[in-house]
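Asks: One structure is given below, represented as structure tokens, and several questions about it will come after.
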Amino acid sequence: MSSHKESLAALRKSYERAELDEGSSAADPLKQFERWLAEAIDARLPEPNAMTLATVSGDLRPSTRIVLIKGYDERGIVWYTNYRSRKGQDLAGNPFAALQFHWVELERVVRIEGRVEKVSDAESDEYFASRPLDSRIGAWASPQSEVISGRDVLVKNAAVYAAKHLLSPPRPPHWGGFRLVPDRWEFWQGRKSRLHDRLRYRIEGGEWVRERLAP
């Protein structure tokens with residue numbers, strides 16, 4: 001164990017796969033994100049749709065977790081969850097959050113910040129209906145983020161709701177989508193000698209301003 005600890009400080013990686021400059025990047029951050037996401041998917045990376053979601057509670061405690069992007073357009077980035085979960089409660093009290101994609105194999109990071117809102121009931125209903133049956137039952141069975149006595153609670157709940165709803169479980173009222181409306185993006189491309197490329201986009205006067213940050 002001690003040898004592993006001692007080796008942490010010596011771990012190094014040289015980033016040399018690609019570059020990111022103002023001339024080749026999109027003026028619209030959504031288009032740049034779409035380009036990089038497509039490249040991550042085409043590269044067959046493991047779960048290229050996984051993103052870290054950071055929220056802050058009413059007592060100013062930050063927390064992070066991994067969620068999956070389920071849609072994006074000019075309105076923002078969408079994911080789905082239990083509204084009663086810790087992240088749901090955090091967002092109810094402080095509707096601002098940050099997202100981060102880390103595509104290790106491509107030596108890329110995308111960071112997105114902004115205000116969060118619930119998607120419409122119609123959007124949540126449509127996505128819920130597209131989920132596998134087991135996942136729809138699971139949304140009913142799991143009191144997400146609550147303390148439970150053991151896994152048997154989940155198994156019993158799943159059996160109860162499966163018997164109740166059969167093949168057509170409706171969307172639980174406490175489950176649905178969130179949309180982060182970006183007001184800031186950052187695209188990070190690893191470069192040699194730790195002189196990484198960082199391009200930030202921020203809103204100014206209703207337009208996106210693109211600027212380079214020192215690594």
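Here, A, B, ... name the chains of the structure tokens in the order displayed, residue numbers run from 1 inside each chain, and ligands are numbered from 1 in the same displayed order.
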Assign secondary structure with DSSP using the backbone only, and return the residues of chain A in strand (DSSP E or B) as a VMD selection string.

Replies: chain A and resid 50 to 56 62 to 68 71 to 73 76 to 82 96 to 103 108 to 118 175 to 189 197 to 204 207 to 212

Asks: Would you tabulate, counting only C-alpha atoms, all residues of segment 46-138 of chain A that have an atom at most 9 Å from an atom of segment 27-37 of chain A, showing the closest pair of atoms and their distance in Å to one decimal, sorted by chain then ascending number, as CSV?

Replies:
residue,atom,partner,partner_atom,distance
A:Pro48,CA,A:Leu37,CA,7.3
A:Asn49,CA,A:Leu37,CA,8.0
A:Tyr72,CA,A:Leu30,CA,8.8
A:Asp73,CA,A:Leu30,CA,7.7
A:Glu74,CA,A:Leu30,CA,7.2
A:Gly76,CA,A:Leu30,CA,8.8
A:Arg108,CA,A:Trp36,CA,8.7
A:Val110,CA,A:Phe33,CA,7.7

Asks: I'd like the neighbourhood of segment 126-135 of chain A as a PyMOL selection string, where a residue qualifies if any of its atoms comes within 10 Å (using only C-alpha atoms), though same-chain residues fewer than 6 positions away should be ignored.

Replies: chain A and resi 70-71+80+141+158+162+166-172+175-177

Asks: Any chance you could export the current selection's all heavy atoms as a short mmCIF file (atom, residue, chain, number, x, y, z; two decimals), in the first residue's frame?

Replies:
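To be explicit, this is the file written out as selection-v6.cif:
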data_model
loop_
_atom_site.label_atom_id
_atom_site.label_comp_id
_atom_site.auth_asym_id
_atom_site.auth_seq_id
_atom_site.Cartn_x
_atom_site.Cartn_y
_atom_site.Cartn_z
N LYS A 70 -28.93 12.97 -21.86
CA LYS A 70 -29.98 12.32 -22.64
C LYS A 70 -30.52 13.19 -23.76
O LYS A 70 -31.41 12.79 -24.51
CB LYS A 70 -31.13 11.90 -21.71
CG LYS A 70 -30.76 10.77 -20.76
CD LYS A 70 -30.35 9.52 -21.54
CE LYS A 70 -29.95 8.38 -20.63
NZ LYS A 70 -29.55 7.17 -21.39
N GLY A 71 -29.97 14.38 -23.88
CA GLY A 71 -30.37 15.26 -24.97
C GLY A 71 -29.69 16.60 -24.85
O GLY A 71 -29.23 16.98 -23.76
N TYR A 80 -31.92 12.98 -16.63
CA TYR A 80 -33.12 12.59 -15.88
C TYR A 80 -32.73 11.97 -14.55
O TYR A 80 -31.68 11.32 -14.43
CB TYR A 80 -33.97 11.61 -16.71
CG TYR A 80 -34.60 12.28 -17.91
CD1 TYR A 80 -33.89 12.39 -19.10
CD2 TYR A 80 -35.87 12.83 -17.84
CE1 TYR A 80 -34.45 13.03 -20.20
CE2 TYR A 80 -36.45 13.47 -18.93
CZ TYR A 80 -35.72 13.57 -20.11
OH TYR A 80 -36.27 14.21 -21.19
N ALA A 141 -39.19 1.93 -7.54
CA ALA A 141 -38.71 1.10 -6.42
C ALA A 141 -37.67 1.78 -5.55
O ALA A 141 -37.56 1.46 -4.36
CB ALA A 141 -38.14 -0.20 -6.98
N ALA A 158 -39.41 -3.38 -5.94
CA ALA A 158 -39.50 -3.65 -7.38
C ALA A 158 -40.58 -4.69 -7.65
O ALA A 158 -41.35 -4.57 -8.63
CB ALA A 158 -38.16 -4.13 -7.91
N ALA A 162 -43.84 -3.85 -9.83
CA ALA A 162 -43.99 -4.65 -11.05
C ALA A 162 -45.36 -5.30 -11.09
O ALA A 162 -46.02 -5.34 -12.14
CB ALA A 162 -42.90 -5.71 -11.13
N LEU A 166 -47.55 -3.80 -13.93
CA LEU A 166 -47.38 -4.77 -15.01
C LEU A 166 -46.45 -4.22 -16.09
O LEU A 166 -45.34 -3.83 -15.81
CB LEU A 166 -48.75 -5.17 -15.56
CG LEU A 166 -49.71 -5.80 -14.53
CD1 LEU A 166 -51.06 -6.11 -15.16
CD2 LEU A 166 -49.08 -7.05 -13.93
N LEU A 167 -46.91 -4.15 -17.34
CA LEU A 167 -46.04 -3.73 -18.44
C LEU A 167 -46.12 -2.24 -18.75
O LEU A 167 -45.45 -1.77 -19.67
CB LEU A 167 -46.38 -4.53 -19.70
CG LEU A 167 -46.19 -6.03 -19.61
CD1 LEU A 167 -46.62 -6.69 -20.92
CD2 LEU A 167 -44.74 -6.38 -19.29
N SER A 168 -46.95 -1.51 -17.98
CA SER A 168 -47.16 -0.09 -18.32
C SER A 168 -47.03 0.83 -17.12
O SER A 168 -47.97 1.55 -16.77
CB SER A 168 -48.55 0.08 -18.96
OG SER A 168 -48.68 -0.72 -20.11
N PRO A 169 -45.87 0.83 -16.47
CA PRO A 169 -45.72 1.75 -15.33
C PRO A 169 -45.70 3.20 -15.80
O PRO A 169 -44.95 3.53 -16.73
CB PRO A 169 -44.37 1.35 -14.72
CG PRO A 169 -43.64 0.71 -15.85
CD PRO A 169 -44.66 0.03 -16.69
N PRO A 170 -46.50 4.07 -15.21
CA PRO A 170 -46.47 5.48 -15.59
C PRO A 170 -45.23 6.15 -14.98
O PRO A 170 -44.58 5.59 -14.10
CB PRO A 170 -47.75 6.04 -14.96
CG PRO A 170 -47.96 5.18 -13.74
CD PRO A 170 -47.49 3.80 -14.14
N ARG A 171 -44.92 7.32 -15.45
CA ARG A 171 -43.79 8.05 -14.86
C ARG A 171 -44.14 8.48 -13.44
O ARG A 171 -45.18 9.09 -13.21
CB ARG A 171 -43.47 9.29 -15.71
CG ARG A 171 -42.31 10.14 -15.12
CD ARG A 171 -41.95 11.28 -16.04
NE ARG A 171 -43.03 12.23 -16.22
CZ ARG A 171 -43.25 13.29 -15.43
NH1 ARG A 171 -42.47 13.52 -14.39
NH2 ARG A 171 -44.25 14.11 -15.69
N PRO A 172 -43.25 8.19 -12.47
CA PRO A 172 -43.51 8.65 -11.10
C PRO A 172 -43.53 10.17 -11.06
O PRO A 172 -42.76 10.83 -11.77
CB PRO A 172 -42.32 8.10 -10.31
CG PRO A 172 -41.77 6.99 -11.14
CD PRO A 172 -42.03 7.38 -12.57
N TRP A 175 -40.14 11.92 -10.53
CA TRP A 175 -39.05 11.57 -11.44
C TRP A 175 -39.21 12.36 -12.74
O TRP A 175 -40.29 12.47 -13.28
CB TRP A 175 -39.10 10.07 -11.73
CG TRP A 175 -37.91 9.50 -12.45
CD1 TRP A 175 -36.85 8.85 -11.90
CD2 TRP A 175 -37.67 9.52 -13.87
NE1 TRP A 175 -35.96 8.48 -12.87
CE2 TRP A 175 -36.43 8.86 -14.09
CE3 TRP A 175 -38.36 10.03 -14.96
CZ2 TRP A 175 -35.90 8.71 -15.36
CZ3 TRP A 175 -37.82 9.88 -16.23
CH2 TRP A 175 -36.60 9.23 -16.41
N GLY A 176 -38.09 12.89 -13.25
CA GLY A 176 -38.18 13.64 -14.50
C GLY A 176 -36.85 14.24 -14.89
O GLY A 176 -35.80 13.91 -14.33
N GLY A 177 -36.90 15.16 -15.84
CA GLY A 177 -35.68 15.71 -16.40
C GLY A 177 -35.31 17.08 -15.87
O GLY A 177 -36.16 17.86 -15.42
#

Asks: Would you kindly return, as a PyMOL selection string, each protein, DNA or RNA residue with an atom no farther than 9 Å from any atom of Arg86 of chain A, considering only C-alpha atoms and excluding same-chain residues fewer than 2 positions away?

Replies: chain A and resi 57+63+82-84+88-91+144-146

Asks: Out of segment 34-132 of chain A, which residues get helix (DSSP H, G or I) from DSSP, as an MDAnalysis selection string?

Replies: chainID A and resid 34:42 86:93 104:106 121:130

Asks: For a test of reading the model, state the distance in Å between atom CA of Ser149 of chain A and atom CA of Gly93 of chain A, rounded to one decimal.

Replies: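 About the pair atom CA of Ser149 of chain A and atom CA of Gly93 of chain A: they are 28.0 Å apart.
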
Asks: Residues within 7 Å of segment 113-122 of chain A, please, as a ChimeraX atom specification. Count only C-alpha atoms; anything in the same chain fewer than 3 positions from it doesn't count.

Replies: /A:95-99,125-126,177-185

Asks: Those same residues - N, CA and C atoms - I'd like them written as a short mmCIF file (atom, residue, chain, number, x, y, z; two decimals), in the first residue's frame.

Replies:
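Wrote it out as out25.cif, contents follow:
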data_model
loop_
_atom_site.label_atom_id
_atom_site.label_comp_id
_atom_site.auth_asym_id
_atom_site.auth_seq_id
_atom_site.Cartn_x
_atom_site.Cartn_y
_atom_site.Cartn_z
N PRO A 95 -30.60 26.64 -7.90
CA PRO A 95 -30.75 26.13 -9.28
C PRO A 95 -29.60 26.45 -10.22
N PHE A 96 -28.38 26.32 -9.72
CA PHE A 96 -27.20 26.48 -10.56
C PHE A 96 -26.32 25.26 -10.40
N ALA A 97 -25.67 24.84 -11.48
CA ALA A 97 -24.86 23.63 -11.44
C ALA A 97 -23.75 23.70 -12.47
N ALA A 98 -22.86 22.72 -12.41
CA ALA A 98 -21.79 22.58 -13.39
C ALA A 98 -21.75 21.13 -13.87
N LEU A 99 -21.44 20.95 -15.14
CA LEU A 99 -21.29 19.63 -15.74
C LEU A 99 -19.86 19.50 -16.26
N ASP A 125 -42.29 12.55 -19.80
CA ASP A 125 -43.15 11.40 -20.13
C ASP A 125 -42.61 10.65 -21.35
N GLU A 126 -42.22 11.40 -22.36
CA GLU A 126 -41.74 10.77 -23.60
C GLU A 126 -40.47 9.97 -23.34
N GLY A 177 -36.90 15.16 -15.84
CA GLY A 177 -35.68 15.71 -16.40
C GLY A 177 -35.31 17.08 -15.87
N PHE A 178 -34.02 17.34 -15.93
CA PHE A 178 -33.47 18.67 -15.67
C PHE A 178 -32.76 19.14 -16.93
N ARG A 179 -32.75 20.44 -17.12
CA ARG A 179 -32.00 21.03 -18.22
C ARG A 179 -31.08 22.13 -17.68
N LEU A 180 -29.79 22.00 -17.96
CA LEU A 180 -28.86 23.07 -17.62
C LEU A 180 -28.76 24.02 -18.81
N VAL A 181 -29.06 25.28 -18.56
CA VAL A 181 -29.01 26.32 -19.59
C VAL A 181 -27.64 27.01 -19.49
N PRO A 182 -26.73 26.72 -20.40
CA PRO A 182 -25.35 27.19 -20.24
C PRO A 182 -25.19 28.70 -20.37
N ASP A 183 -24.35 29.25 -19.50
CA ASP A 183 -23.90 30.63 -19.68
C ASP A 183 -22.37 30.68 -19.73
N ARG A 184 -21.77 29.48 -19.59
CA ARG A 184 -20.31 29.41 -19.68
C ARG A 184 -19.90 27.99 -20.09
N TRP A 185 -19.00 27.91 -21.05
CA TRP A 185 -18.43 26.64 -21.50
C TRP A 185 -16.91 26.74 -21.44
#

Asks: Enter the distance from atom CA of Thr64 of chain A to atom CA of Trp103 of chain A, in Å, rounded to one decimal.

Replies: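 If I compute the distance from atom CA of Thr64 of chain A to atom CA of Trp103 of chain A, I get 17.3 Å.
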
Asks: With distances taken over only C-alpha atoms, which of A:Trp188, A:Ile148, A:Ile137, A:Arg111 is nearest to Ala163 of chain A?

Replies: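 Checking each of A:Trp188, A:Ile148, A:Ile137, A:Arg111 against Ala163 of chain A, counting only C-alpha atoms, the winner is A:Ile137.
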
Asks: Tell me which of A:Arg194, A:Leu106, A:Arg136, A:Lys164 sits closest to Pro46 of chain A, counting only C-alpha atoms.

Replies: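 The shortest atom-to-atom distance to Pro46 of chain A comes from A:Leu106.
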
Asks: For Asp197 of chain A, which residue among A:Lys87, A:His174, A:Arg151, A:Arg212 is the nearest when counting only C-alpha atoms?

Replies: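 Using only C-alpha atoms, the shortest distance to Asp197 of chain A belongs to A:Arg212.
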